[in-house]
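Reproduced below: upload.cif, with mmCIF, C-alpha atoms.
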data_start
loop_
_atom_site.group_PDB
_atom_site.id
_atom_site.type_symbol
_atom_site.label_atom_id
_atom_site.label_comp_id
_atom_site.auth_asym_id
_atom_site.auth_seq_id
_atom_site.Cartn_x
_atom_site.Cartn_y
_atom_site.Cartn_z
ATOM 1 C CA MET F 1 -3.565 -94.098 149.708
ATOM 2 C CA SER F 2 -1.915 -97.216 148.440
ATOM 3 C CA THR F 3 -2.232 -98.949 145.138
ATOM 4 C CA PRO F 4 -2.687 -102.698 145.079
ATOM 5 C CA MET F 5 0.459 -104.672 144.265
ATOM 6 C CA MET F 6 0.410 -107.177 141.422
ATOM 7 C CA SER F 7 2.002 -110.513 141.978
ATOM 8 C CA SER F 8 4.996 -111.248 139.755
ATOM 9 C CA SER F 9 3.065 -113.991 137.936
ATOM 10 C CA ALA F 10 0.126 -111.629 137.309
ATOM 11 C CA LEU F 11 2.547 -108.979 136.057
ATOM 12 C CA ARG F 12 4.210 -111.497 133.708
ATOM 13 C CA ALA F 13 0.815 -112.613 132.413
ATOM 14 C CA SER F 14 -0.169 -108.980 131.857
ATOM 15 C CA ARG F 15 3.068 -108.256 129.970
ATOM 16 C CA GLN F 16 2.641 -111.419 127.893
ATOM 17 C CA GLY F 17 -0.897 -110.351 126.971
ATOM 18 C CA VAL F 18 0.371 -106.920 125.893
ATOM 19 C CA SER F 19 3.220 -108.420 123.837
ATOM 20 C CA GLU F 20 0.832 -110.904 122.172
ATOM 21 C CA ALA F 21 -1.516 -108.041 121.305
ATOM 22 C CA LYS F 22 1.397 -106.087 119.820
ATOM 23 C CA ALA F 23 2.453 -109.141 117.805
ATOM 24 C CA GLN F 24 -1.098 -109.426 116.435
ATOM 25 C CA GLU F 25 -0.838 -105.790 115.298
ATOM 26 C CA ARG F 26 2.646 -106.223 113.842
ATOM 27 C CA TYR F 27 2.239 -109.014 111.265
ATOM 28 C CA LEU F 28 -0.080 -109.573 108.324
ATOM 29 C CA ARG F 29 -0.323 -112.694 106.199
ATOM 30 C CA PHE F 30 -1.683 -113.390 102.716
ATOM 31 C CA GLY F 31 -1.029 -116.493 100.662
ATOM 32 C CA GLN F 32 2.575 -117.566 101.170
ATOM 33 C CA PHE F 33 3.598 -114.035 102.200
ATOM 34 C CA GLN F 34 3.897 -112.241 105.513
ATOM 35 C CA VAL F 35 4.423 -108.557 106.215
ATOM 36 C CA ASP F 36 6.247 -107.191 109.246
ATOM 37 C CA LEU F 37 4.576 -103.807 109.695
ATOM 38 C CA GLN F 38 7.057 -102.577 112.280
ATOM 39 C CA ARG F 39 10.169 -103.294 110.220
ATOM 40 C CA GLU F 40 8.426 -102.710 106.866
ATOM 41 C CA GLU F 41 9.573 -106.039 105.449
ATOM 42 C CA LEU F 42 7.997 -108.644 103.190
ATOM 43 C CA PHE F 43 8.627 -112.369 103.653
ATOM 44 C CA LYS F 44 7.837 -115.299 101.385
ATOM 45 C CA GLU F 45 7.657 -118.647 103.184
ATOM 46 C CA GLY F 46 9.843 -117.226 105.969
ATOM 47 C CA SER F 47 12.536 -115.740 103.706
ATOM 48 C CA ARG F 48 12.873 -111.985 103.347
ATOM 49 C CA VAL F 49 11.968 -110.477 99.983
ATOM 50 C CA ARG F 50 13.829 -107.224 99.429
ATOM 51 C CA ILE F 51 11.609 -104.534 97.948
ATOM 52 C CA PRO F 52 12.113 -100.767 97.696
ATOM 53 C CA SER F 53 10.265 -98.492 100.116
ATOM 54 C CA LYS F 54 7.820 -97.187 97.502
ATOM 55 C CA VAL F 55 6.925 -100.742 96.473
ATOM 56 C CA PHE F 56 6.264 -101.558 100.146
ATOM 57 C CA GLN F 57 4.049 -98.457 100.390
ATOM 58 C CA VAL F 58 1.990 -99.626 97.401
ATOM 59 C CA LEU F 59 1.649 -103.064 99.007
ATOM 60 C CA MET F 60 0.465 -101.443 102.240
ATOM 61 C CA ALA F 61 -2.059 -99.238 100.408
ATOM 62 C CA LEU F 62 -3.506 -102.334 98.737
ATOM 63 C CA ILE F 63 -3.560 -104.737 101.708
ATOM 64 C CA GLU F 64 -5.079 -102.085 103.980
ATOM 65 C CA ARG F 65 -8.160 -102.272 101.744
ATOM 66 C CA PRO F 66 -8.388 -105.781 100.261
ATOM 67 C CA GLY F 67 -11.158 -106.068 97.687
ATOM 68 C CA ASP F 68 -11.456 -102.281 97.317
ATOM 69 C CA ILE F 69 -10.186 -100.211 94.426
ATOM 70 C CA VAL F 70 -7.177 -98.102 95.373
ATOM 71 C CA THR F 71 -7.113 -95.310 92.827
ATOM 72 C CA ARG F 72 -4.017 -94.224 90.992
ATOM 73 C CA ASP F 73 -4.518 -90.768 92.517
ATOM 74 C CA ALA F 74 -4.497 -92.270 96.029
ATOM 75 C CA LEU F 75 -1.237 -94.072 95.209
ATOM 76 C CA ARG F 76 0.274 -90.861 93.801
ATOM 77 C CA ALA F 77 -0.631 -88.946 96.949
ATOM 78 C CA ARG F 78 0.823 -91.668 99.169
ATOM 79 C CA LEU F 79 4.039 -92.147 97.210
ATOM 80 C CA TRP F 80 4.794 -88.593 96.114
ATOM 81 C CA PRO F 81 3.447 -85.859 98.391
ATOM 82 C CA GLY F 82 2.507 -82.455 96.977
ATOM 83 C CA GLY F 83 5.379 -80.510 95.492
ATOM 84 C CA THR F 84 7.106 -83.618 94.120
ATOM 85 C CA PHE F 85 7.612 -83.442 90.368
ATOM 86 C CA VAL F 86 7.826 -86.832 88.669
ATOM 87 C CA ASN F 87 6.055 -88.590 85.813
ATOM 88 C CA TYR F 88 3.364 -90.015 88.098
ATOM 89 C CA ASP F 89 1.747 -92.368 85.601
ATOM 90 C CA ALA F 90 4.988 -94.041 84.559
ATOM 91 C CA ASN F 91 6.216 -94.233 88.147
ATOM 92 C CA VAL F 92 2.966 -95.744 89.473
ATOM 93 C CA ASN F 93 3.071 -98.336 86.682
ATOM 94 C CA THR F 94 6.724 -99.162 87.382
ATOM 95 C CA THR F 95 6.156 -99.420 91.137
ATOM 96 C CA VAL F 96 3.118 -101.707 90.757
ATOM 97 C CA ASN F 97 5.039 -103.860 88.275
ATOM 98 C CA LYS F 98 7.906 -104.205 90.783
ATOM 99 C CA LEU F 99 5.373 -105.297 93.411
ATOM 100 C CA ARG F 100 3.918 -107.882 91.028
ATOM 101 C CA LEU F 101 7.411 -109.172 90.307
ATOM 102 C CA ALA F 102 8.150 -109.515 94.051
ATOM 103 C CA LEU F 103 4.860 -111.393 94.576
ATOM 104 C CA GLY F 104 5.302 -113.603 91.500
ATOM 105 C CA ASP F 105 2.080 -112.095 90.180
ATOM 106 C CA SER F 106 0.935 -111.398 86.619
ATOM 107 C CA PRO F 107 -1.328 -108.661 85.269
ATOM 108 C CA ASP F 108 -2.859 -111.213 82.876
ATOM 109 C CA LYS F 109 -3.753 -113.765 85.576
ATOM 110 C CA PRO F 110 -3.551 -111.836 88.852
ATOM 111 C CA MET F 111 -3.458 -113.666 92.165
ATOM 112 C CA TYR F 112 -2.888 -110.568 94.303
ATOM 113 C CA VAL F 113 -2.891 -107.294 92.333
ATOM 114 C CA GLU F 114 -5.624 -106.708 89.783
ATOM 115 C CA THR F 115 -5.616 -103.704 87.470
ATOM 116 C CA ILE F 116 -8.956 -101.927 87.290
ATOM 117 C CA PRO F 117 -8.747 -100.086 83.931
ATOM 118 C CA ARG F 118 -8.794 -96.272 84.155
ATOM 119 C CA GLN F 119 -9.295 -96.453 87.935
ATOM 120 C CA GLY F 120 -6.539 -98.138 89.883
ATOM 121 C CA TYR F 121 -5.730 -101.454 91.518
ATOM 122 C CA CYS F 122 -7.436 -103.980 93.752
ATOM 123 C CA PHE F 123 -5.828 -106.470 96.158
ATOM 124 C CA LEU F 124 -7.368 -109.903 95.625
ATOM 125 C CA GLY F 125 -5.779 -111.892 98.448
ATOM 126 C CA ASN F 126 -7.241 -112.659 101.848
ATOM 127 C CA VAL F 127 -5.303 -110.636 104.455
ATOM 128 C CA GLU F 128 -5.100 -111.981 108.004
ATOM 129 C CA ARG F 129 -3.424 -110.845 111.202
ATOM 130 C CA SER F 130 -0.624 -113.110 112.342
ATOM 131 C CA ASP F 131 1.131 -113.494 115.691
ATOM 132 C CA GLY F 132 4.604 -113.980 114.229
ATOM 133 C CA LEU F 133 6.705 -114.789 111.233
ATOM 134 C CA LEU F 134 6.940 -118.279 109.821
ATOM 135 C CA LYS F 135 10.405 -119.676 110.316
ATOM 136 C CA THR F 136 12.251 -121.670 107.716
ATOM 137 C CA SER F 137 13.964 -124.761 109.025
ATOM 138 C CA GLY F 138 17.050 -124.305 106.910
ATOM 139 C CA LEU F 139 17.209 -128.105 106.630
ATOM 140 C CA LEU F 140 17.749 -129.916 103.387
ATOM 141 C CA THR F 141 15.472 -132.901 102.968
ATOM 142 C CA VAL F 142 17.052 -135.748 101.066
ATOM 143 C CA ALA F 143 14.856 -138.547 99.767
ATOM 144 C CA GLU F 144 15.871 -142.086 100.654
ATOM 145 C CA PRO F 145 17.176 -143.998 97.614
ATOM 146 C CA GLU F 146 15.035 -146.800 96.310
ATOM 147 C CA ASP F 147 15.923 -150.265 97.578
ATOM 148 C CA CYS F 148 18.302 -151.746 95.025
ATOM 149 C CA GLY F 149 18.520 -155.158 96.684
ATOM 150 C CA HIS F 150 22.093 -154.685 97.950
ATOM 151 C CA ALA F 151 23.072 -154.341 101.558
ATOM 152 C CA ARG F 152 22.737 -150.748 102.759
ATOM 153 C CA GLY F 153 25.985 -148.873 102.158
ATOM 154 C CA ALA F 154 27.331 -151.395 99.627
ATOM 155 C CA PRO F 155 29.711 -149.717 97.143
ATOM 156 C CA ASP F 156 27.569 -150.505 94.065
ATOM 157 C CA CYS F 157 24.433 -149.088 95.684
ATOM 158 C CA ARG F 158 23.685 -145.627 94.208
#
Would you mind writing the file's structure down as structure tokens?
Amino acid sequence: MSTPMMSSSALRASRQGVSEAKAQERYLRFGQFQVDLQREELFKEGSRVRIPSKVFQVLMALIERPGDIVTRDALRARLWPGGTFVNYDANVNTTVNKLRLALGDSPDKPMYVETIPRQGYCFLGNVERSDGLLKTSGLLTVAEPEDCGHARGAPDCR
């Protein structure tokens, strides 16, 4: 028996389809932020935002279920598996506050992380799959000076 051979262009197209599908599974976007699930990194407008691993885990718990309440107990179980002895309440609060700081969010006027009293937290943003990270241009844009009436480049033109 023989198996049919794929042409090189069909093979390339097949590989491209697989890599595009993987890219769709790799990145999430909400607001001005993107998450690289594979590298466990957060980006704001294309620039990496450094956050500790536990803060990233809280972010993941929330964006996996946008609009749903993620209980404090669920966060405890995710962040500190059984047999870990820490002050859970203080550590959950601290970790969520670090996430809010990284997102530029506020508990008083939340854009992303809302506190649900005596229950947990809710992610308010709209989470979408993305096929890649936004790139920053790294270019500085300089506004043209207003026309002062002098010839361009004249020494008294500022």
For the provided coordinates, the residues matched by the PyMOL selection byres ((chain F and resi 58-67) around 12) should be stated as a VMD selection string. chain F and resid 27 to 30 33 to 37 40 to 42 51 to 57 68 to 80 91 to 100 102 to 103 112 to 116 120 to 129
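Taking atom CA of Met111 of chain F as the reference point, atom CA of Ala90 of chain F is found at 22.7 Å.
Here atom CA of Arg26 of chain F stands at a distance of 9.8 Å from atom CA of Leu133 of chain F.
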Mind giving me the axis-aligned box for segment 45-58 of chain F with 8 Å on every side, centre plus edges in Å to one decimal, as JSON?
{"center_x": 7.9, "center_y": -107.9, "center_z": 101.2, "size_x": 27.8, "size_y": 37.5, "size_z": 25.5}
Computed interatomic separation between atom CA of Phe43 of chain F and atom CA of Pro107 of chain F (Å): 21.2 Å
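Considering all atoms listed in the file, the residue among F:Ser130, F:Asp108, F:Pro81, F:Gln32 positioned nearest to Lys44 of chain F is F:Gln32.
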